[in-house]
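S.K.: Below you'll find the structure I mean.
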2 protein chains.
Amino acid sequence: MTWSVPTRRHAIANDLRNQISAGRLKAGERLPSEAHLAAHYMVSTATLRSALGLLEAEGYVEKIHGKGNFVRRPLRRITYAGGGRMLDTQAAVNSALRVTVRTAKVRASGHLSALLKVPNRSPLTEFLCLGHEGEEPHSLARIYVPRDLAPATVLVESPLFEGALASLADLRPPRVELRETVSARLPTLEEASTLRISSASAVLAITRVTADTTGRVVEAALLVFPGDRADAVFTTHHTVNERGRRDDNAR
Amino acid sequence: MTWSVPTRRHAIANDLRNQISAGRLKAGERLPSEAHLAAHYMVSTATLRSALGLLEAEGYVEKIHGKGNFVRRPLRRITYAGGGRMLDTQAAVNSALRVTVRTAKVRASGHLSALLKVPNRSPLTEFLCLGHEGEEPHSLARIYVPRDLAPATVLVESPLFEGALASLADLRPPRVELRETVSARLPTLEEASTLRISSASAVLAITRVTADTTGRVVEAALLVFPGDRADAVFTTHHTVNERGRRDDNAR
DNA sequence: GAGTGGTCTAGACCACGAG
DNA sequence: TCGTGGTCTAGACCACTCA
C-alpha cells in the first residue's frame with residue numbers, strides 16, 4: 001500500500017468507484033455517456049474509456065454497446081464447496097438457482113481423453129450448463145461423461161447442475177475419488193459474453209475429475225465462475241502422522 | 001469458438017503470438033520497439049500497444065518501461081497441493097525454490113481478526129514470504145500467526161515457506177482443521193510488480209486458515225500465485241453414505 | 001436517425017533505463 | 001543524452017440499440 005499512481009484515469013476511476021460505493025450512483029443505474037463524462041472530467045474520450053475499463057475489470061460497471069455504462073448490481077457471492085459437497089446450500093436455497101442444460105454427443109479429443117482416461121474419439125456426452133440467478137448468469141459448466149454412463153433423461157430434468165452430478169455419483173459404486181484442479185485466468189471471449197463479464201476480469205476455473213473405486217473416470221467437469229463473486233472452499237480434517245514427511249500423493 | 005473478431009489489434013496479437021509459439025521469437029528475446037512494430041504493421045502506436053496489452057495479459061510478453069517488450073520465458077508450472085500437503089515436491093526439488101522472509105509484528109485489524117478469530121488489535125506476527133525460481137518470483141505469501149505461537153527463529157531459517165507451515169503444524173496437537181478458500185482476481189499493483197506480472201492478468205488467491213483440535217486458529221495464510229502458471233489441486237477420497245443428503249458442514 | 005459505445009489515428013509530452 | 005515504453009489528446013469513422 002506504499003504507492004499512489006496519480007494518473008488521470010486512476011483518479012477518475014477512483015472518483016466513480018467512490019460514487020458507486022457511497023451509493024450516489026445506484027445499482028442498475030446508467031452512467032452519463034462517455035462523451036459527457038469526458039467533458040465533465042475534462043479529459044479525452046480515450047482517457048475516460050480507459051478509466052471505465054478499470055471499473056469494468058473490477059466488476060463495478062457493465063458496458064453495453066449502444067446503450068451505455070451501467071452500475072453493476074452487487075450480486076450474491078457464490079461459494080463452490082469442494083470435496084464433493086454441493087454448491088453452498090444457502091445460495092442454492094435463497095436464490096432460485098436455475099439451470100439451462102443443453103446436451104450433445106461428442107467425441108473425446110486430446111485434452112478430454114486425457115482427463116477421462118479414455119481413448120481418442122471415444123464417445124462422450126457433453127452437458128452444457130448455465131447457472132442463473134434471476135436474469136444474471138453466474139456460472140458455466142461443461143460436463144463430460146462416457147456415453148455409456150450418461151442417462152441423459154435424468155440430467156436434463158435436474159434443477160441444479162450440481163444436482164446432476166450428485167445423481168450421477170449415486171449411480172456408481174459408493175466410493176469416489178475426486179480431483180479438483182483450480183486455476184485463475186482471463187475468460188475466453190465466449191465465456192465473457194455468456195457470463196456478461198468483462199473479458200479483462202478474472203475467472204475461477206475448476207476442473208473436476210470424478211472416478212469410481214475401480215479408478216474409472218466417471219465424469220470430468222469444467223466449471224467457470226466469475227472471479228469477482230465466486231470462491232471455492234475446501235475444508236480438511238487432517239491427521240498428522242508424525243513430524244515432517246508424510247505420504248504425499250499429489251502428482 | 002464460434003467467433004472471430006477481425007479487429008486490428010487482435011490480428012496483430014495473433015501474429016505475434018504465433019511467432020512466439022512457433023519459436024521465431026525466442027524466449028527472453030526483445031521485440032522490436034513499439035514504434036518499429038507500429039510501422040511494420042502500419043497501425044498507430046496506440047493500436048499496437050493495445051495488441052501488446054493482450055499478449056501481456058496472456059503472459060506471452062513482459063513489458064519493461066524504458067527497455068522494451070520481452071518474450072516471456074515459459075516457466076515451470078506451480079502446483080499448490082491443497083488439504084495440508086506441501087507444494088508439489090517435483091517443483092520444490094527441481095527448481096531450487098528459495099524464499100526470502102521478512103517478519104513483522106502487527107496487530108489484528110478487522111479482516112484478520114475475523115480470520116484468526118482473535119479480538120481486534122490482538123498481537124500477531126506477520127511473515128512475508130516470496131517464492132523464487134531462479135530470478136523469477138512466482139509466489140507471494142503473507143502468513144499471520146498469533147504472537148504467542150510464533151517461534152520466529154524457526155521460521156526464518158526455513159528454505160521453503162511451506163516448510164514453515166509444516167513445522168508450525170508440528171508444534172500443535174496432531175489433528176488440524178484446514179480451510180482453504182480459493183478465488184481468482186486481478187493482482188493489486190503491489191502484487192503485480194513484485195510478481196512481475198501484468199496488472200491485467202489474473203492471480204490465484206488462496207486464504208488458508210489452520211486450526212488445532214481445540215478450534216483455536218493457529219495461522220492464517222494469504223497466498224497469491226500468478227494465474228498463468230499456477231494451479232491448486234485438491235484430491236478427496238470420498239465415501240458417500242447413501243443417496244443424496246449428506247452432512248454438509250461448509251458454511 | 002439520433003445517441004451510444006468500439007476502434008483507430010497521428011501526433012505531443014512525460015518517465016524510465018542505460019550509457 | 002538517447003531510445004524506450006507510458007499517458008494523453010482531439011479528433012474520425014464504424015457498429016449497435018432503440019424509437
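Chain labels follow the order of the C-alpha cells: the first chain is A, the next B, and so on; residue numbering restarts at 1 in every chain, and ligands are counted from 1 in their shown order.
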As a list of chain:residue names, could you give me every residue of chain B near chain C (at most 8 Å apart, counting only C-alpha atoms (C1' of nucleotides))?
M.R.: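 Interface list for chain B against chain C: B:Thr7, B:Ser44, B:Thr47, B:His65, B:Gly66, B:Lys67.
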S.K.: Using only C-alpha atoms, which residues of chain B come within 6 Å of chain A, and what is the closest atom pair for each, with the distance in Å to one decimal? Give it as JSON lines, sorted by chain and residue number.
M.R.:
```
{"residue": "B:Gly83", "atom": "CA", "partner": "A:Thr236", "partner_atom": "CA", "distance": 5.7}
{"residue": "B:Pro174", "atom": "CA", "partner": "A:Val240", "partner_atom": "CA", "distance": 5.4}
{"residue": "B:Arg175", "atom": "CA", "partner": "A:Thr239", "partner_atom": "CA", "distance": 4.7}
{"residue": "B:Val176", "atom": "CA", "partner": "A:His238", "partner_atom": "CA", "distance": 5.3}
{"residue": "B:Glu177", "atom": "CA", "partner": "A:His237", "partner_atom": "CA", "distance": 4.6}
{"residue": "B:Leu178", "atom": "CA", "partner": "A:Thr236", "partner_atom": "CA", "distance": 5.0}
{"residue": "B:Arg179", "atom": "CA", "partner": "A:Thr235", "partner_atom": "CA", "distance": 4.4}
{"residue": "B:Glu180", "atom": "CA", "partner": "A:Phe234", "partner_atom": "CA", "distance": 5.1}
{"residue": "B:Thr181", "atom": "CA", "partner": "A:Val233", "partner_atom": "CA", "distance": 4.4}
{"residue": "B:Val182", "atom": "CA", "partner": "A:Ala232", "partner_atom": "CA", "distance": 5.0}
{"residue": "B:Ser183", "atom": "CA", "partner": "A:Asp231", "partner_atom": "CA", "distance": 4.8}
{"residue": "B:Ala184", "atom": "CA", "partner": "A:Gly227", "partner_atom": "CA", "distance": 4.7}
{"residue": "B:Arg185", "atom": "CA", "partner": "A:Ala202", "partner_atom": "CA", "distance": 5.2}
{"residue": "B:Ala202", "atom": "CA", "partner": "A:Arg185", "partner_atom": "CA", "distance": 5.2}
{"residue": "B:Val203", "atom": "CA", "partner": "A:Ala184", "partner_atom": "CA", "distance": 5.8}
{"residue": "B:Leu204", "atom": "CA", "partner": "A:Ala184", "partner_atom": "CA", "distance": 5.1}
{"residue": "B:Gly227", "atom": "CA", "partner": "A:Ala184", "partner_atom": "CA", "distance": 4.7}
{"residue": "B:Asp231", "atom": "CA", "partner": "A:Ser183", "partner_atom": "CA", "distance": 4.8}
{"residue": "B:Ala232", "atom": "CA", "partner": "A:Val182", "partner_atom": "CA", "distance": 5.0}
{"residue": "B:Val233", "atom": "CA", "partner": "A:Thr181", "partner_atom": "CA", "distance": 4.4}
{"residue": "B:Phe234", "atom": "CA", "partner": "A:Glu180", "partner_atom": "CA", "distance": 5.1}
{"residue": "B:Thr235", "atom": "CA", "partner": "A:Arg179", "partner_atom": "CA", "distance": 4.4}
{"residue": "B:Thr236", "atom": "CA", "partner": "A:Leu178", "partner_atom": "CA", "distance": 5.0}
{"residue": "B:His237", "atom": "CA", "partner": "A:Glu177", "partner_atom": "CA", "distance": 4.6}
{"residue": "B:His238", "atom": "CA", "partner": "A:Val176", "partner_atom": "CA", "distance": 5.3}
{"residue": "B:Thr239", "atom": "CA", "partner": "A:Arg175", "partner_atom": "CA", "distance": 4.8}
{"residue": "B:Val240", "atom": "CA", "partner": "A:Pro174", "partner_atom": "CA", "distance": 5.4}
```
S.K.: Quick one: of A:Ala108, A:Ser122, A:Ala114, A:Thr194, who's nearest to A:Ala141, counting only C-alpha atoms?
M.R.: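 That would be A:Thr194, the residue with the smallest distance to A:Ala141.
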S.K.: Sorted by chain and rising residue number, list the residues of chain D at most 7 Å from chain A (counting only C-alpha atoms (C1' of nucleotides)), each with its closest atom pair and distance in Å to one decimal, as JSON lines.
M.R.:
```
{"residue": "D:DC8", "atom": "C1'", "partner": "A:Thr47", "partner_atom": "CA", "distance": 6.8}
{"residue": "D:DT9", "atom": "C1'", "partner": "A:Ser44", "partner_atom": "CA", "distance": 6.0}
{"residue": "D:DC16", "atom": "C1'", "partner": "A:Gly66", "partner_atom": "CA", "distance": 4.7}
{"residue": "D:DT17", "atom": "C1'", "partner": "A:Gly66", "partner_atom": "CA", "distance": 5.1}
```
S.K.: Would you mind exporting N, CA and C atoms (P, O5', C5', C4', C3', O3' and C1' of nucleotides) of the selected residues as a compact mmCIF listing (two decimals), in the first residue's frame?
M.R.:
```
# COMPACT_ATOMS: atom_id res chain seq x y z
P DC D 8 -3.29 9.44 -17.98
O5' DC D 8 -3.57 10.33 -19.28
C5' DC D 8 -2.84 11.54 -19.45
C4' DC D 8 -3.06 12.09 -20.83
C3' DC D 8 -4.52 12.12 -21.31
O3' DC D 8 -5.02 13.45 -21.14
C1' DC D 8 -2.93 11.60 -23.05
P DT D 9 -6.49 13.82 -21.74
O5' DT D 9 -6.15 14.31 -23.21
C5' DT D 9 -5.15 15.29 -23.39
C4' DT D 9 -5.10 15.73 -24.84
C3' DT D 9 -6.48 15.98 -25.47
O3' DT D 9 -6.43 17.19 -26.20
C1' DT D 9 -5.27 14.43 -26.78
P DC D 16 -22.53 -4.70 -35.10
O5' DC D 16 -23.48 -4.26 -33.90
C5' DC D 16 -22.96 -4.16 -32.57
C4' DC D 16 -23.86 -3.26 -31.77
C3' DC D 16 -25.34 -3.66 -31.81
O3' DC D 16 -25.71 -4.13 -30.52
C1' DC D 16 -25.03 -1.30 -32.06
P DT D 17 -27.20 -4.62 -30.24
O5' DT D 17 -27.98 -3.29 -29.81
C5' DT D 17 -27.59 -2.59 -28.63
C4' DT D 17 -28.60 -1.49 -28.36
C3' DT D 17 -30.06 -1.93 -28.44
O3' DT D 17 -30.71 -1.46 -27.28
C1' DT D 17 -29.71 -0.02 -29.80
```
S.K.: Atom CA of B:Gly215 and atom CA of B:Gly110, how far apart in Å?
M.R.: 19.8 Å
S.K.: Report, in Å to a single decimal, how far apart atom CA of B:Ala51 and atom CA of A:Glu191 are.
M.R.: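 Pair atom CA of A:Glu191 / atom CA of B:Ala51 returns 20.4 Å.
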S.K.: Find, counting only C-alpha atoms, the residue in B:Val71, B:Ser109, B:Glu126, B:Asp148 that gets nearest to B:Arg24.
M.R.: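 Smallest separation from B:Arg24 among the options: B:Val71.
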S.K.: Near A:Val61, within 8 Å and counting only C-alpha atoms (C1' of nucleotides), which residues show up once chain neighbours fewer than 5 positions away are dropped, as number ranges by chain?
M.R.: A: 52, 55-56, 69-72
S.K.: To test your reading of the structure, identify every residue in stretch 35-151 of chain B that backbone DSSP assigns to strand (DSSP E or B), and report it as an NGL selection string.
M.R.: :B and (61-64 or 68-71 or 78-81 or 97-107 or 123-133 or 136-146)
S.K.: Restrict the selected residues to N, CA and C atoms and save them as a compact mmCIF listing (two decimals), in the first residue's frame.
M.R.:
```txt
# COMPACT_ATOMS: atom_id res chain seq x y z
N VAL B 61 4.20 -11.90 -23.04
CA VAL B 61 5.14 -10.80 -23.18
C VAL B 61 5.27 -10.08 -21.85
N GLU B 62 6.45 -9.64 -21.56
CA GLU B 62 6.64 -8.79 -20.40
C GLU B 62 7.13 -7.43 -20.86
N LYS B 63 6.45 -6.40 -20.43
CA LYS B 63 6.85 -5.06 -20.80
C LYS B 63 7.73 -4.49 -19.71
N ILE B 64 8.82 -3.88 -20.10
CA ILE B 64 9.67 -3.20 -19.12
C ILE B 64 9.90 -1.78 -19.58
N GLY B 68 11.99 -2.25 -23.12
CA GLY B 68 11.37 -2.89 -24.28
C GLY B 68 10.36 -3.94 -23.89
N ASN B 69 9.90 -4.65 -24.90
CA ASN B 69 8.96 -5.75 -24.68
C ASN B 69 9.70 -7.05 -24.90
N PHE B 70 9.56 -7.96 -23.94
CA PHE B 70 10.35 -9.19 -23.98
C PHE B 70 9.46 -10.41 -24.02
N VAL B 71 9.91 -11.40 -24.76
CA VAL B 71 9.18 -12.66 -24.80
C VAL B 71 9.40 -13.35 -23.46
N ILE B 78 3.48 -24.14 -11.30
CA ILE B 78 3.45 -24.34 -9.86
C ILE B 78 2.19 -25.12 -9.55
N THR B 79 2.33 -26.12 -8.71
CA THR B 79 1.15 -26.83 -8.27
C THR B 79 1.02 -26.68 -6.78
N TYR B 80 -0.03 -26.03 -6.37
CA TYR B 80 -0.31 -25.94 -4.95
C TYR B 80 -1.19 -27.11 -4.58
N ALA B 81 -0.71 -27.96 -3.71
CA ALA B 81 -1.50 -29.12 -3.32
C ALA B 81 -2.28 -28.80 -2.06
N LEU B 97 13.97 -23.81 -5.19
CA LEU B 97 12.97 -22.87 -4.72
C LEU B 97 13.51 -22.15 -3.50
N ARG B 98 13.57 -20.84 -3.59
CA ARG B 98 14.07 -20.11 -2.45
C ARG B 98 13.04 -19.13 -1.95
N VAL B 99 13.25 -18.69 -0.76
CA VAL B 99 12.29 -17.80 -0.17
C VAL B 99 13.01 -16.76 0.65
N THR B 100 12.58 -15.55 0.49
CA THR B 100 13.08 -14.52 1.39
C THR B 100 11.96 -14.18 2.35
N VAL B 101 12.26 -14.21 3.59
CA VAL B 101 11.25 -13.99 4.60
C VAL B 101 11.54 -12.69 5.33
N ARG B 102 10.51 -11.96 5.53
CA ARG B 102 10.62 -10.77 6.36
C ARG B 102 9.53 -10.87 7.41
N THR B 103 9.89 -10.78 8.64
CA THR B 103 8.86 -10.89 9.67
C THR B 103 8.57 -9.52 10.24
N ALA B 104 7.38 -9.36 10.75
CA ALA B 104 6.99 -8.09 11.34
C ALA B 104 5.97 -8.35 12.44
N LYS B 105 5.94 -7.43 13.37
CA LYS B 105 4.93 -7.54 14.42
C LYS B 105 3.79 -6.61 14.07
N VAL B 106 2.61 -7.18 13.99
CA VAL B 106 1.46 -6.36 13.62
C VAL B 106 0.34 -6.64 14.63
N ARG B 107 -0.74 -5.93 14.43
CA ARG B 107 -1.91 -6.17 15.28
C ARG B 107 -3.11 -6.45 14.40
N PRO B 123 -2.14 -9.10 19.23
CA PRO B 123 -0.79 -9.12 18.65
C PRO B 123 -0.57 -10.34 17.75
N LEU B 124 -0.03 -10.08 16.58
CA LEU B 124 0.25 -11.14 15.61
C LEU B 124 1.68 -11.00 15.13
N THR B 125 2.18 -12.08 14.58
CA THR B 125 3.42 -12.00 13.83
C THR B 125 3.11 -12.20 12.36
N GLU B 126 3.63 -11.34 11.53
CA GLU B 126 3.42 -11.45 10.10
C GLU B 126 4.68 -11.97 9.45
N PHE B 127 4.52 -12.97 8.59
CA PHE B 127 5.64 -13.46 7.79
C PHE B 127 5.38 -13.13 6.34
N LEU B 128 6.26 -12.38 5.75
CA LEU B 128 6.11 -12.07 4.34
C LEU B 128 7.06 -12.96 3.57
N CYS B 129 6.52 -13.78 2.71
CA CYS B 129 7.33 -14.76 2.02
C CYS B 129 7.22 -14.57 0.52
N LEU B 130 8.33 -14.73 -0.15
CA LEU B 130 8.35 -14.57 -1.59
C LEU B 130 9.02 -15.80 -2.16
N GLY B 131 8.29 -16.57 -2.96
CA GLY B 131 8.87 -17.76 -3.56
C GLY B 131 9.56 -17.39 -4.86
N HIS B 132 10.76 -17.87 -5.04
CA HIS B 132 11.51 -17.59 -6.26
C HIS B 132 11.78 -18.88 -7.00
N GLU B 133 11.97 -18.73 -8.28
CA GLU B 133 12.56 -19.82 -9.06
C GLU B 133 13.64 -19.17 -9.89
N GLU B 136 13.12 -15.40 -11.14
CA GLU B 136 11.71 -15.06 -11.27
C GLU B 136 10.93 -15.31 -9.99
N PRO B 137 10.30 -14.30 -9.45
CA PRO B 137 9.42 -14.53 -8.31
C PRO B 137 8.16 -15.24 -8.80
N HIS B 138 7.64 -16.15 -8.03
CA HIS B 138 6.48 -16.89 -8.54
C HIS B 138 5.42 -17.15 -7.49
N SER B 139 5.59 -16.62 -6.31
CA SER B 139 4.51 -16.74 -5.34
C SER B 139 4.76 -15.77 -4.22
N LEU B 140 3.71 -15.45 -3.55
CA LEU B 140 3.74 -14.39 -2.55
C LEU B 140 2.85 -14.87 -1.42
N ALA B 141 3.33 -14.76 -0.22
CA ALA B 141 2.52 -15.21 0.90
C ALA B 141 2.64 -14.26 2.06
N ARG B 142 1.52 -13.99 2.68
CA ARG B 142 1.52 -13.29 3.95
C ARG B 142 0.89 -14.22 4.96
N ILE B 143 1.65 -14.55 5.97
CA ILE B 143 1.20 -15.52 6.95
C ILE B 143 1.09 -14.84 8.30
N TYR B 144 -0.02 -15.02 8.95
CA TYR B 144 -0.25 -14.38 10.24
C TYR B 144 -0.45 -15.44 11.31
N VAL B 145 0.27 -15.26 12.40
CA VAL B 145 0.21 -16.22 13.49
C VAL B 145 0.06 -15.44 14.78
N PRO B 146 -0.78 -15.90 15.69
CA PRO B 146 -0.86 -15.23 16.99
C PRO B 146 0.54 -15.16 17.60
```
S.K.: Stretch 34-72 of chain B: which residues are alpha helix (DSSP H) by DSSP, as a PyMOL selection string?
M.R.: chain B and resi 34-41+45-58
S.K.: Do you have the atom CA of A:Pro32-atom CA of A:Asp15 distance handy?
M.R.: 14.0 Å
